[in-house]
Amino acid sequence: MPSSFLPGLKEALGAPGVAMAATFLAFGAAVREAGLSAGWALLACWGIYGMPGQLVLVQAAAAGWAGGVGAVVIGAVAVNARFLPMAVSLAPVLAHGPRGRLLPAVPFIAVTPWAAAMRALPGVERADRLPWFLGFGLTSWIVAGGAALAGFFLAGALGQEARAALLFVNPLYYALLLAADLDRPAPRRAVLCGAAAASLALILPASIALLAAGIVGGTAAFLLGRRRAAG
Amino acid sequence: MPPADLALLLTALACLGLRLAGVWLAGGLSVDHPAIAWATAVAQATLAAFVTLAILLPPGALAEVPLFARLAGLGVGVTICLAFRRRLLPSLLAGLAAMLVVRALLQGG
């Protein structure tokens, strides 16, 4: 076992593990309330591994799939569409040797492992980066799955207020990940442009607003950065 | 297949496809390539937009937390994070505590 697997594992058990456990507890409870099974909760965590998309499915199940499965799936995939740019930005950081070597890392590409990797990996030897990411990703997966099952079986004990508090941890944690990057100009531009572009939600349907805000805000930030570099 | 299982299967496959496509598109590009810089900006902007919407216009159970409590939790968490050398766990716990306290005060008053 390469030595960097354990540092990745340990990193995942700090703030990322707490944030993930809180959010997935709330998810497990919501799955039970929607009348779905514990197995479904676990497979949703590991198969989708992106909380906004998971919540779209659970909310649709609770509403009896009004509007049809196809529309719900499109909505769930659209809110998780950030996986694509995240994978693009992460691949060169992880790359070491043939591209196929990255395949084991693919299922773990999600906000928490991505943000942790972008922070930590530039300081890690290239050969050790993939094992670090797998240590982090596998640990996060296990924490997420365990928390979802715990939430499922504890649903009765989790009142509405407790569940709302747990759901708050998810955006708060993401906000902290972004705040930790604010001293670097490129992420700062992307965060400010993305937050401003969130106003597109006022005119676009919820299912595509996030995707559109990300593309518009990210592209604006990228172009501003190019102009600054040229000027 | 029940609709819940079908929806889960299709969503999981599509999400896997997005991740694979990203790794494939990145190809042999270096970290400094403009396409990589653009993708990173889009990923960060999407996350910022997600946080903005989740705090200001949250769906589901989170909407039952008053807006002012959500903003207080976010403000305290981010302030602690910036003030204490980006230590995420204390910032997370402080933000959550601030949200709970403000929610309790608003609901008690």
# chains A, B, ... in the order shown; residues from 1 in each chain; ligands from 1
>>> residues_around(residues="Leu202 (chain A)", least_positions_apart="3", cutoff="12 Å", atoms="only C-alpha atoms", output="list in words")
Ala196, Ala197, Ala198, Ser199, Pro205, Ala206, Ile208, Ala209, Leu210, Ala212 and Ala213 of chain A; Leu53, Leu56 and Leu57 of chain B
>>> interface_residues(of="chain A", to="chain B", cutoff="6 Å", atoms="only C-alpha atoms", output="compact mmCIF listing (two decimals) with all heavy atoms, in the first residue's frame")
# COMPACT_ATOMS: atom_id res chain seq x y z
N ALA A 15 -12.79 17.63 8.96
CA ALA A 15 -13.97 18.43 8.59
C ALA A 15 -14.76 17.80 7.44
O ALA A 15 -16.00 17.78 7.49
CB ALA A 15 -13.54 19.84 8.22
N GLY A 47 -23.68 5.35 -5.96
CA GLY A 47 -23.82 5.43 -7.42
C GLY A 47 -23.81 6.86 -7.92
O GLY A 47 -23.19 7.18 -8.93
N ILE A 48 -24.52 7.75 -7.22
CA ILE A 48 -24.62 9.15 -7.67
C ILE A 48 -23.52 9.97 -7.00
O ILE A 48 -22.78 10.68 -7.66
CB ILE A 48 -26.01 9.72 -7.35
CG1 ILE A 48 -27.09 8.89 -8.05
CG2 ILE A 48 -26.09 11.19 -7.79
CD1 ILE A 48 -28.50 9.25 -7.64
N VAL A 69 -40.35 9.99 -14.80
CA VAL A 69 -38.98 9.65 -14.39
C VAL A 69 -37.95 10.40 -15.24
O VAL A 69 -36.94 10.88 -14.74
CB VAL A 69 -38.77 8.12 -14.49
CG1 VAL A 69 -37.29 7.77 -14.34
CG2 VAL A 69 -39.59 7.40 -13.43
N VAL A 73 -34.85 12.61 -13.85
CA VAL A 73 -33.44 12.21 -14.08
C VAL A 73 -32.67 13.38 -14.70
O VAL A 73 -31.55 13.69 -14.28
CB VAL A 73 -33.37 10.95 -14.97
CG1 VAL A 73 -31.93 10.70 -15.43
CG2 VAL A 73 -33.90 9.74 -14.22
N ARG A 82 -21.71 19.61 -12.53
CA ARG A 82 -20.37 20.10 -12.18
C ARG A 82 -19.33 18.99 -12.17
O ARG A 82 -18.14 19.26 -12.20
CB ARG A 82 -20.41 20.77 -10.80
CG ARG A 82 -20.84 19.80 -9.73
CD ARG A 82 -20.83 20.40 -8.34
NE ARG A 82 -21.13 19.34 -7.38
CZ ARG A 82 -22.35 18.95 -7.09
NH1 ARG A 82 -23.38 19.55 -7.63
NH2 ARG A 82 -22.57 17.96 -6.24
N PHE A 83 -19.79 17.72 -12.12
CA PHE A 83 -18.82 16.61 -12.16
C PHE A 83 -17.93 16.70 -13.39
O PHE A 83 -16.76 16.33 -13.34
CB PHE A 83 -19.54 15.25 -12.17
CG PHE A 83 -20.24 14.92 -10.89
CD1 PHE A 83 -21.34 14.07 -10.89
CD2 PHE A 83 -19.79 15.42 -9.68
CE1 PHE A 83 -21.98 13.75 -9.71
CE2 PHE A 83 -20.44 15.11 -8.49
CZ PHE A 83 -21.54 14.26 -8.51
N LEU A 84 -18.51 17.17 -14.49
CA LEU A 84 -17.73 17.23 -15.74
C LEU A 84 -16.57 18.23 -15.62
O LEU A 84 -15.41 17.82 -15.77
CB LEU A 84 -18.65 17.54 -16.92
CG LEU A 84 -17.96 17.70 -18.27
CD1 LEU A 84 -17.43 16.37 -18.77
CD2 LEU A 84 -18.91 18.27 -19.31
N PRO A 85 -16.83 19.52 -15.33
CA PRO A 85 -15.67 20.42 -15.19
C PRO A 85 -14.74 20.03 -14.04
O PRO A 85 -13.53 20.26 -14.11
CB PRO A 85 -16.31 21.80 -14.95
CG PRO A 85 -17.71 21.53 -14.55
CD PRO A 85 -18.11 20.25 -15.22
N MET A 86 -15.30 19.44 -12.97
CA MET A 86 -14.43 19.03 -11.87
C MET A 86 -13.47 17.93 -12.32
O MET A 86 -12.28 17.94 -11.98
CB MET A 86 -15.26 18.52 -10.69
CG MET A 86 -15.80 19.67 -9.88
SD MET A 86 -16.80 19.12 -8.51
CE MET A 86 -17.27 20.72 -7.87
N ALA A 87 -13.99 16.97 -13.10
CA ALA A 87 -13.12 15.90 -13.60
C ALA A 87 -12.06 16.47 -14.54
O ALA A 87 -10.90 16.07 -14.49
CB ALA A 87 -13.97 14.84 -14.32
N VAL A 88 -12.48 17.44 -15.38
CA VAL A 88 -11.51 18.05 -16.31
C VAL A 88 -10.39 18.72 -15.52
O VAL A 88 -9.21 18.59 -15.83
CB VAL A 88 -12.21 19.07 -17.23
CG1 VAL A 88 -11.19 19.82 -18.07
CG2 VAL A 88 -13.21 18.38 -18.14
N SER A 89 -10.76 19.47 -14.46
CA SER A 89 -9.73 20.22 -13.73
C SER A 89 -8.88 19.31 -12.86
O SER A 89 -7.72 19.60 -12.59
CB SER A 89 -10.36 21.35 -12.92
OG SER A 89 -11.02 20.86 -11.79
N ALA A 91 -8.15 15.95 -13.45
CA ALA A 91 -7.35 14.93 -14.17
C ALA A 91 -5.88 15.33 -14.31
O ALA A 91 -5.00 14.51 -14.02
CB ALA A 91 -8.00 14.63 -15.52
N PRO A 92 -5.56 16.57 -14.75
CA PRO A 92 -4.13 16.88 -14.89
C PRO A 92 -3.39 16.93 -13.55
O PRO A 92 -2.17 16.75 -13.52
CB PRO A 92 -4.11 18.28 -15.53
CG PRO A 92 -5.51 18.57 -15.93
CD PRO A 92 -6.41 17.69 -15.15
N ALA A 164 -33.32 19.79 9.29
CA ALA A 164 -33.02 21.05 8.60
C ALA A 164 -31.62 21.53 8.98
O ALA A 164 -30.86 22.01 8.14
CB ALA A 164 -34.06 22.10 8.94
N PRO A 171 -24.33 23.24 2.45
CA PRO A 171 -23.89 24.50 1.83
C PRO A 171 -22.87 25.26 2.68
O PRO A 171 -21.98 25.92 2.13
CB PRO A 171 -25.18 25.31 1.67
CG PRO A 171 -26.18 24.66 2.53
CD PRO A 171 -25.78 23.21 2.66
N LEU A 172 -22.98 25.13 4.02
CA LEU A 172 -22.00 25.82 4.87
C LEU A 172 -20.59 25.29 4.61
O LEU A 172 -19.64 26.05 4.45
CB LEU A 172 -22.38 25.65 6.35
CG LEU A 172 -21.38 26.21 7.36
CD1 LEU A 172 -21.22 27.72 7.21
CD2 LEU A 172 -21.81 25.88 8.80
N LEU A 176 -17.29 27.21 3.09
CA LEU A 176 -15.98 27.28 3.75
C LEU A 176 -14.87 26.84 2.79
O LEU A 176 -13.78 27.42 2.77
CB LEU A 176 -15.96 26.42 5.01
CG LEU A 176 -16.94 26.83 6.10
CD1 LEU A 176 -16.88 25.88 7.27
CD2 LEU A 176 -16.64 28.25 6.57
N ALA A 180 -11.86 29.37 1.83
CA ALA A 180 -10.45 29.05 2.07
C ALA A 180 -9.58 29.36 0.86
O ALA A 180 -8.37 29.46 0.96
CB ALA A 180 -10.32 27.57 2.45
N ALA A 190 -13.90 33.43 -9.68
CA ALA A 190 -14.90 32.42 -10.01
C ALA A 190 -16.02 32.41 -8.96
O ALA A 190 -17.20 32.29 -9.30
CB ALA A 190 -14.25 31.04 -10.11
N VAL A 191 -15.64 32.56 -7.69
CA VAL A 191 -16.64 32.53 -6.62
C VAL A 191 -17.57 33.74 -6.73
O VAL A 191 -18.80 33.60 -6.67
CB VAL A 191 -15.94 32.51 -5.24
CG1 VAL A 191 -16.93 32.79 -4.12
CG2 VAL A 191 -15.26 31.15 -5.02
N GLY A 194 -19.73 33.40 -9.87
CA GLY A 194 -20.71 32.32 -9.70
C GLY A 194 -21.85 32.76 -8.78
O GLY A 194 -23.03 32.50 -9.06
N ALA A 195 -21.50 33.44 -7.68
CA ALA A 195 -22.53 33.90 -6.75
C ALA A 195 -23.44 34.91 -7.44
O ALA A 195 -24.67 34.87 -7.28
CB ALA A 195 -21.88 34.50 -5.51
N ALA A 198 -25.84 33.31 -9.83
CA ALA A 198 -26.93 32.55 -9.20
C ALA A 198 -28.26 33.28 -9.38
O ALA A 198 -29.32 32.67 -9.29
CB ALA A 198 -26.64 32.32 -7.72
N GLY A 214 -23.32 28.29 -13.38
CA GLY A 214 -21.94 27.83 -13.35
C GLY A 214 -21.20 28.15 -14.64
O GLY A 214 -20.07 28.63 -14.63
N ILE A 215 -21.89 27.91 -15.76
CA ILE A 215 -21.23 28.15 -17.05
C ILE A 215 -21.04 29.65 -17.28
O ILE A 215 -19.94 30.10 -17.64
CB ILE A 215 -22.05 27.51 -18.20
CG1 ILE A 215 -22.01 25.98 -18.06
CG2 ILE A 215 -21.50 27.93 -19.56
CD1 ILE A 215 -22.88 25.24 -19.04
N GLY A 217 -21.11 32.18 -14.99
CA GLY A 217 -20.22 32.76 -13.98
C GLY A 217 -18.77 32.32 -14.19
O GLY A 217 -17.85 33.14 -14.14
N GLY A 218 -18.58 31.03 -14.47
CA GLY A 218 -17.22 30.51 -14.65
C GLY A 218 -16.56 31.08 -15.89
O GLY A 218 -15.37 31.43 -15.88
N PHE A 222 -13.26 33.36 -16.04
CA PHE A 222 -12.12 32.94 -16.87
C PHE A 222 -11.70 34.08 -17.80
O PHE A 222 -10.51 34.41 -17.93
CB PHE A 222 -12.53 31.69 -17.67
CG PHE A 222 -11.54 31.30 -18.72
CD1 PHE A 222 -10.34 30.69 -18.36
CD2 PHE A 222 -11.80 31.53 -20.06
CE1 PHE A 222 -9.42 30.33 -19.34
CE2 PHE A 222 -10.89 31.15 -21.04
CZ PHE A 222 -9.70 30.55 -20.67
>>> atom_distance(atom1="CA of Ala115 (chain A)", atom2="CA of Trp46 (chain A)")
18.4 Å
>>> residues_around(residues="Gly64 (chain A)", least_positions_apart="5", cutoff="12 Å", atoms="only C-alpha atoms", output="list in words")
Ala34, Gly35, Leu36, Leu57, Val58, Gln59, Val69 and Val72 of chain A; Pro2, Pro3 and Ala4 of chain B
>>> residues_around(residues="region 140-146 of chain A", least_positions_apart="5", cutoff="7 Å", atoms="only C-alpha atoms", output="PyMOL selection string")
chain A and resi 12+17+20-21+24+42+45-46
>>> closest_residue(among="A:Gly97, A:Pro122, A:Gly8, A:Gly28", to="Leu166 (chain A)", atoms="only C-alpha atoms")
A:Gly28
